[in-house]
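Just below is one structure, and these are the notes that go with it.
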Amino acid sequence: MIDLIKKFSNIRIADTNIVGGKNSSLGEMFTQLSAKGIKVPDGFATTAYAFTGFLDHNELKQPLLQLMQQLDKKDYSNLREIGKKARELFLQAKLPHDLAEAITRSYNELCKGNYFEVAVRSSATAEDLPQASFAGQHESYLNIKGEDELLKAVQKCFASLYTDRAIKYREDNGFKHEGVLLSVGVQKMVRSDLACAGVGFTLEPESGFRDIIHLSGVWGLGENIVQGTVTPDEFFVFKPTLRMGRNALIQKKLGEKTKTMIYAADKSNSSPVVNIETPAEKQEQFVLNDEEVTQLANWALIIEEHYQKPMDIEWAKDGISGELFIVQARPETVHSQRNPFHIKEYKLLEKSELLAEGNAIGEKVVCGIARILRSPVEAAKLSKGEIVVTDITSPDWDPLLKKSAAIVTNKGGRTSHASIVARELGVPAVVGCNTATQKIHDGEMITVSCCEGKTGYVYKGSLKTQETDLDFSHTKKPETTEVMMIVGDPDQAFRLSFYPNDGVGLMRIEFIITHFIRVHPMALVKYNELKDGTARQKIDELTHHYPDKSKYFIDKLAQGIATIAAAFYPKDVIVRTSDFKTNEYANLIGGKDFEPKEENPMLGFRGASRYYNELYKDGFRLECEAIKKVRSEMGLTNVKVMIPFCRTVEEGNKVIQVMKENGLDRDRDETLEIYVMAEIPNNVLDAEEFAQVFDGFSIGSNDLTQLTLGIDRDSAIISNLFSEQTAGVKKMISMVIHKAKDKGVKIGLCGQAPSDFPEFAAFLVEQGINSISFNPDAILKGIENIRKAELNTAELNTEFELI
């Protein structure tokens with residue numbers, strides 16, 4: 001007997017050809033993962049046999065075949081007309097009696113005689129497979145209640161096999177229209193309209209970094225995320241420490257969430273859902289608490305491990321019961337299909353007037369004509385290679401978006417429809433710009449840049465760019481010298497993790513403080529003493545979620561450090577504590593009230609001397625608390641600490657004592673290591689004593705050169721005299737390397753010279769340096785120089801042994 005209906009309890013992933021990818025995955029999770037605590041709402045699905053029976057009963061196969069033969073397959077000029085006629089054939093047909101009876105019987109069994117609302121979703125037999133996973137080709141209907149409503153919804157799902165976008169997708173991917181069948185899933189409704197919903201990826205969706213679970217959510221129904229109507233909350237969870245049971249939530253971002261999608265009170269409305277304004281207080285709240293984020297992340301991990309591949313997940317929270325549910329899971333199909341070690345790097349060589357900015361999707365730069373479109377009806381206006389600029393996109397836009405070189409929208413986040421399609425197509429997008437359609441003029445030349453971090457920019461005109469093709473798949477690192485990176489921007493960390501490296505030799509926290517925190521730490525500690533009214537107002541705006549303003553600094557800094565530490569885990573990430581000069585600190589919000597004016601800040605109140613001084617001691621406490629949180633709470637013990645500009649051994653001991661008082665105590669935590677920058681001649685001359693206080697050195701070649709030669713490195717007049725390769729500077733470097741090795745502590749160098757000058761790299765290798773840290777754009781050249789140097793050193797040693 002042919003099954004017209006299959007209950008979720010009888011469905012496994014192997015049933016994809018019977019109930020489609022979406023429904024087979026729901027059945028797989030319902031039957032296999034419920035015992036592991038994952039909640040999937042119960043339901044049933046019509047089968048491919050039911051769909052074939054519907055076509056046969058209404059004699060639709062031949063008319064549909066003839067319609068598809070009339071389709072203009074070159075320009076798709078009649079796509080809308082053909083699609084409409086195909087759907088009308090379905091909607092004018094009738095469900096066979098046996099199918100209608102089977103659906104209503106299954107609905108009664110699901111509801112146990114007491115009808116409740118269900119979600120009715122399409123699931124094509126070729127949908128959600130690794131090679132075929134375009135989002136939202138077919139229709140779904142929510143909040144359906146009663147037999148008549150259910151039967152109508154099922155028939156409308158059948159008709160959605162011939163939406164314009166589904167027709168175009170099958171043509172683009174070589175699927176025969178008659179070879180794709182449709183199953184309809186009927187699932188108990190989760191009342192997320194009274195709570196929240198969202199999506200999740202078991203990898204970082206921009207870079208493809210595999211050890212992150214990325215969750216996003218909005219108030220109300222999750223459709224607002226897919227449509228890009230609102231900017232959602234985002235949560236980043238680190239898998240290795242999640243498995244350890246640690247606080248693995250390394251970063252979270254509050255979205256605007258200005259709209260909440262709920263069910264329409266009056267079902268006679270044309271739409272079963274309405275978007276209402278989100279109350280101001282709810283916009284300022286995260287949709288999930290940390291415990292709920294952890295629960296969903298653990299479920300995502302279980303789902304990924306079960307399917308043995310990265311997954312794209314939809315979740316929902318029931319506003320009545322307060323329970324969380326997984327309502328869909330399918331394979332992620334963009335980054336999981338790519339080689340993460342083959343990277344195209346883009347760089348803007350010039351800037352012009354900034355027209356718009358938003359979330360960057362992808363990492364490319366594209367120049368082209370802006371075409372402002374209000375809806376897919378205006379598809380004829382778009383020429384191939386132009387840039388779509390619009391308010392928001394939906395699945396109906398898919399056919400025309402395939403002609404675009406880039407996408408710019410007013411609304412949307414990283415998991416919106418426009419973002420998903422941009423990733424699928426491999427084109428850059430800048431979403432959530434708010435005013436792009438007002439600031440950009442139709443027909444003008446623009447440059448869309450997604451190569452500058454997580455923020456994307458739209459510039460006026462066609463700008464010069466540089467494209468570099470990098471393939472790290474076969475890059476061999478040096479045999480004995482570690483190659484480390486210099487990193488400061490957390491937004492770049494996951495992408496940079498794919499570069500060949502042995503960790504991060506210098507993580508500058510100044511970038512995080514300047515770009516993400518923006519406030520002087522003492523202005524937070526002593527907020528009530530702040531005299532600058534404008535500064536107080538700015539601080540209030542930035543910290544209004546924090547009753548304790550100091551916690552704002554700790555959280556933001558911890559999240560930035562944790563993101564970089566996670567990206568390179570378990571390799572060492574050496575975090576240098578703040579090394580602003582007083583004039584730079586003063587430029588932070590509220591900074592002028594807490595910084596002395598100095599004639600020569602380069603040699604003044606900077607580095608270690610600040611950490612035990614009453615003028616900054618409490619600010620340093622916040623830095624220590626952030627690092628402690630990353631190591632102790634989040635479990636990222638690959639974080640090491642480095643103290644800059646430490647003038648004397650006595651000063652080093654004072655700093656170690658202050659750190660101990662602030663919870664960074666090597667006596668209690670044997671994995672904690674504290675390094676010191678070797679950038680002052682006294683660090684070299686007194687290296688043996690410094691090695692008694694610290695666990696290692698990092699040579700700061702810029703400051704060491706400056707202070708050895710007595711040169712202001714910022715002076716253009718004598719800049720030609722500045723060189724790390726001066727004999728005296730090389731003697732200082734050689735001396736500190738040998739002293740460190742004699743004492744058995746690690747020593748590295750951070751700087752540009754080893755990549756610019758092969759002979760300098762050779763010098764460092766000959767001296768036996770443990771590691772060299774490079775900026776990302778110099779790392780390949782640096783590796784090449786080190787490998788040559790190691791080879792030459794090995795050959796010389798061999799010759800010496802022969803002699």
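Identifiers in this document derive from the order of the structure tokens: chains are assigned A, B, ..., residues are numbered from 1 separately in each chain, and ligands are numbered from 1 in order of occurrence.
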
Do a neighbour search on A:Ala316 at 7 Å with only C-alpha atoms, toss out local chain neighbours closer than 2 positions, and write the hits as a PDB file with N, CA and C atoms, in the first residue's frame.
ATOM      1  N   VAL A 190       4.710  26.413  17.199  1.00  0.00           N
ATOM      2  CA  VAL A 190       5.376  26.977  18.373  1.00  0.00           C
ATOM      3  C   VAL A 190       4.961  28.441  18.452  1.00  0.00           C
ATOM      4  N   SER A 192       5.911  31.304  18.914  1.00  0.00           N
ATOM      5  CA  SER A 192       7.018  32.270  18.999  1.00  0.00           C
ATOM      6  C   SER A 192       6.537  33.697  18.775  1.00  0.00           C
ATOM      7  N   CYS A 196      10.052  34.614  20.915  1.00  0.00           N
ATOM      8  CA  CYS A 196      11.106  34.964  19.963  1.00  0.00           C
ATOM      9  C   CYS A 196      11.451  33.760  19.095  1.00  0.00           C
ATOM     10  N   ALA A 197      12.204  34.032  18.029  1.00  0.00           N
ATOM     11  CA  ALA A 197      12.621  32.966  17.117  1.00  0.00           C
ATOM     12  C   ALA A 197      13.877  33.415  16.399  1.00  0.00           C
ATOM     13  N   GLY A 198      14.532  32.453  15.739  1.00  0.00           N
ATOM     14  CA  GLY A 198      15.750  32.832  15.027  1.00  0.00           C
ATOM     15  C   GLY A 198      16.374  31.683  14.277  1.00  0.00           C
ATOM     16  N   ASP A 318       8.535  29.128  22.607  1.00  0.00           N
ATOM     17  CA  ASP A 318       7.093  29.205  22.827  1.00  0.00           C
ATOM     18  C   ASP A 318       6.800  30.184  23.960  1.00  0.00           C
ATOM     19  N   LEU A 324      12.061  26.062  24.479  1.00  0.00           N
ATOM     20  CA  LEU A 324      12.751  26.238  23.206  1.00  0.00           C
ATOM     21  C   LEU A 324      12.546  25.010  22.333  1.00  0.00           C
ATOM     22  N   PHE A 325      12.478  25.237  21.008  1.00  0.00           N
ATOM     23  CA  PHE A 325      12.298  24.145  20.053  1.00  0.00           C
ATOM     24  C   PHE A 325      13.193  24.353  18.840  1.00  0.00           C
ATOM     25  N   ILE A 326      13.574  23.248  18.212  1.00  0.00           N
ATOM     26  CA  ILE A 326      14.218  23.285  16.894  1.00  0.00           C
ATOM     27  C   ILE A 326      13.130  22.989  15.872  1.00  0.00           C
ATOM     28  N   VAL A 327      12.942  23.881  14.903  1.00  0.00           N
ATOM     29  CA  VAL A 327      11.850  23.693  13.945  1.00  0.00           C
ATOM     30  C   VAL A 327      12.360  23.383  12.536  1.00  0.00           C
TER      31      VAL A 327
END

- stretch 338-548 of chain A: which residues are strand (DSSP E) by DSSP, as number ranges by chain? A: 342-348, 354-361, 365-372, 387-390, 406-409, 429-431, 445-449, 455-460, 465-471, 482-487, 504-508

- Message: If DSSP is run on the backbone, what residues of stretch 101-173 of chain A are helix (DSSP H, G or I)? A reply as JSON, numbers by chain would be ideal.
- Response: {"A": [101, 102, 103, 104, 105, 106, 107, 108, 109, 110, 111, 147, 148, 149, 150, 151, 152, 153, 154, 155, 156, 157, 158, 159, 160, 161, 162, 164, 165, 166, 167, 168, 169, 170, 171, 172, 173]}

- Option closest in space to A:Met602, from A:Ile711, A:Lys6, A:Asp548, A:Thr563 [counting only C-alpha atoms]: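 The shortest atom-to-atom distance to A:Met602 comes from A:Ile711.
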
- Message: If we count only C-alpha atoms and set the cut-off at 8 Å, which residues sit around A:Cys646, ignoring sequence neighbours fewer than 6 positions away in its own chain? Please answer as number ranges by chain.
- Response: A: 607-609, 652, 676-677, 680, 683

- Query: Just how far from atom CA of A:His520 is atom CA of A:Asn289, in Å to one decimal?
  - Reply: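 Computed distance, atom CA of A:Asn289 to atom CA of A:His520, equals 28.5 Å.
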
- Message: One number please: atom CA of A:Asp469 to atom CA of A:Val427, in Å, one decimal.
- Response: 16.5 Å

- atom CA of A:Lys640 to atom CA of A:Val573: how many Å, to one decimal?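 Straight-line distance from atom CA of A:Lys640 to atom CA of A:Val573 works out to 6.0 Å.
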
- Which polymer residues have any atom within 12 Å of an atom of A:Ile387, counting only C-alpha atoms, with same-chain residues fewer than 6 positions away left out, as a PyMOL selection string? chain A and resi 365-373+381+400-409+422+427-430+440-448+458

- Find, counting only C-alpha atoms, the residue in A:Lys252, A:Lys531, A:Arg536, A:His474 that gets nearest to A:Ala558.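 Ranking A:Lys252, A:Lys531, A:Arg536, A:His474 by distance to A:Ala558, first place goes to A:Lys252.
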
- Could you pull the residues within 8 Å of stretch 729-740 of chain A, counting only C-alpha atoms, minus those fewer than 5 positions along the same chain, as number ranges by chain? A: 678, 681, 683-685, 687-688, 691, 696-697, 699, 704-705, 708-709, 724, 745-747, 764, 767-769

- Kindly indicate which residue among A:Thr577, A:Asn583, A:Lys592, A:Glu679 lies nearest to A:Met659, using only C-alpha atoms for the distances. A:Thr577

- Selection: 12 Å around A:Ile786, only C-alpha atoms, excl. self and same-chain fewer than 2 positions, as a PyMOL selection string: chain A and resi 476-483+753-766+768-774+779-784+788-793

- Message: Show me, as a PyMOL selection string, the residues that have an atom within 7 Å of A:Leu348 when counting only C-alpha atoms, minus same-chain residues fewer than 5 positions from it.
- Response: chain A and resi 464-466

Please write the residues from the selection above to a file, keeping all heavy atoms, as an mmCIF file, in the first residue's frame.
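Output saved as result39.cif:
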data_model
loop_
_atom_site.group_PDB
_atom_site.id
_atom_site.type_symbol
_atom_site.label_atom_id
_atom_site.label_comp_id
_atom_site.auth_asym_id
_atom_site.auth_seq_id
_atom_site.Cartn_x
_atom_site.Cartn_y
_atom_site.Cartn_z
ATOM 1 N N LYS A 464 39.892 52.510 -7.222
ATOM 2 C CA LYS A 464 40.946 51.547 -7.548
ATOM 3 C C LYS A 464 41.041 50.505 -6.445
ATOM 4 O O LYS A 464 41.028 50.823 -5.252
ATOM 5 C CB LYS A 464 42.290 52.269 -7.692
ATOM 6 C CG LYS A 464 42.374 53.187 -8.911
ATOM 7 C CD LYS A 464 43.727 53.877 -8.946
ATOM 8 C CE LYS A 464 43.812 54.855 -10.112
ATOM 9 N NZ LYS A 464 45.104 55.606 -10.099
ATOM 10 N N THR A 465 41.141 49.253 -6.848
ATOM 11 C CA THR A 465 41.239 48.161 -5.884
ATOM 12 C C THR A 465 42.376 47.225 -6.269
ATOM 13 O O THR A 465 42.870 47.249 -7.395
ATOM 14 C CB THR A 465 39.930 47.347 -5.827
ATOM 15 O OG1 THR A 465 39.698 46.752 -7.109
ATOM 16 C CG2 THR A 465 38.757 48.220 -5.460
ATOM 17 N N GLN A 466 42.758 46.426 -5.301
ATOM 18 C CA GLN A 466 43.805 45.425 -5.538
ATOM 19 C C GLN A 466 43.261 44.066 -5.128
ATOM 20 O O GLN A 466 42.693 43.913 -4.054
ATOM 21 C CB GLN A 466 45.049 45.775 -4.722
ATOM 22 C CG GLN A 466 46.184 44.770 -4.838
ATOM 23 C CD GLN A 466 47.368 45.196 -3.989
ATOM 24 O OE1 GLN A 466 47.942 46.259 -4.190
ATOM 25 N NE2 GLN A 466 47.717 44.381 -3.006
#
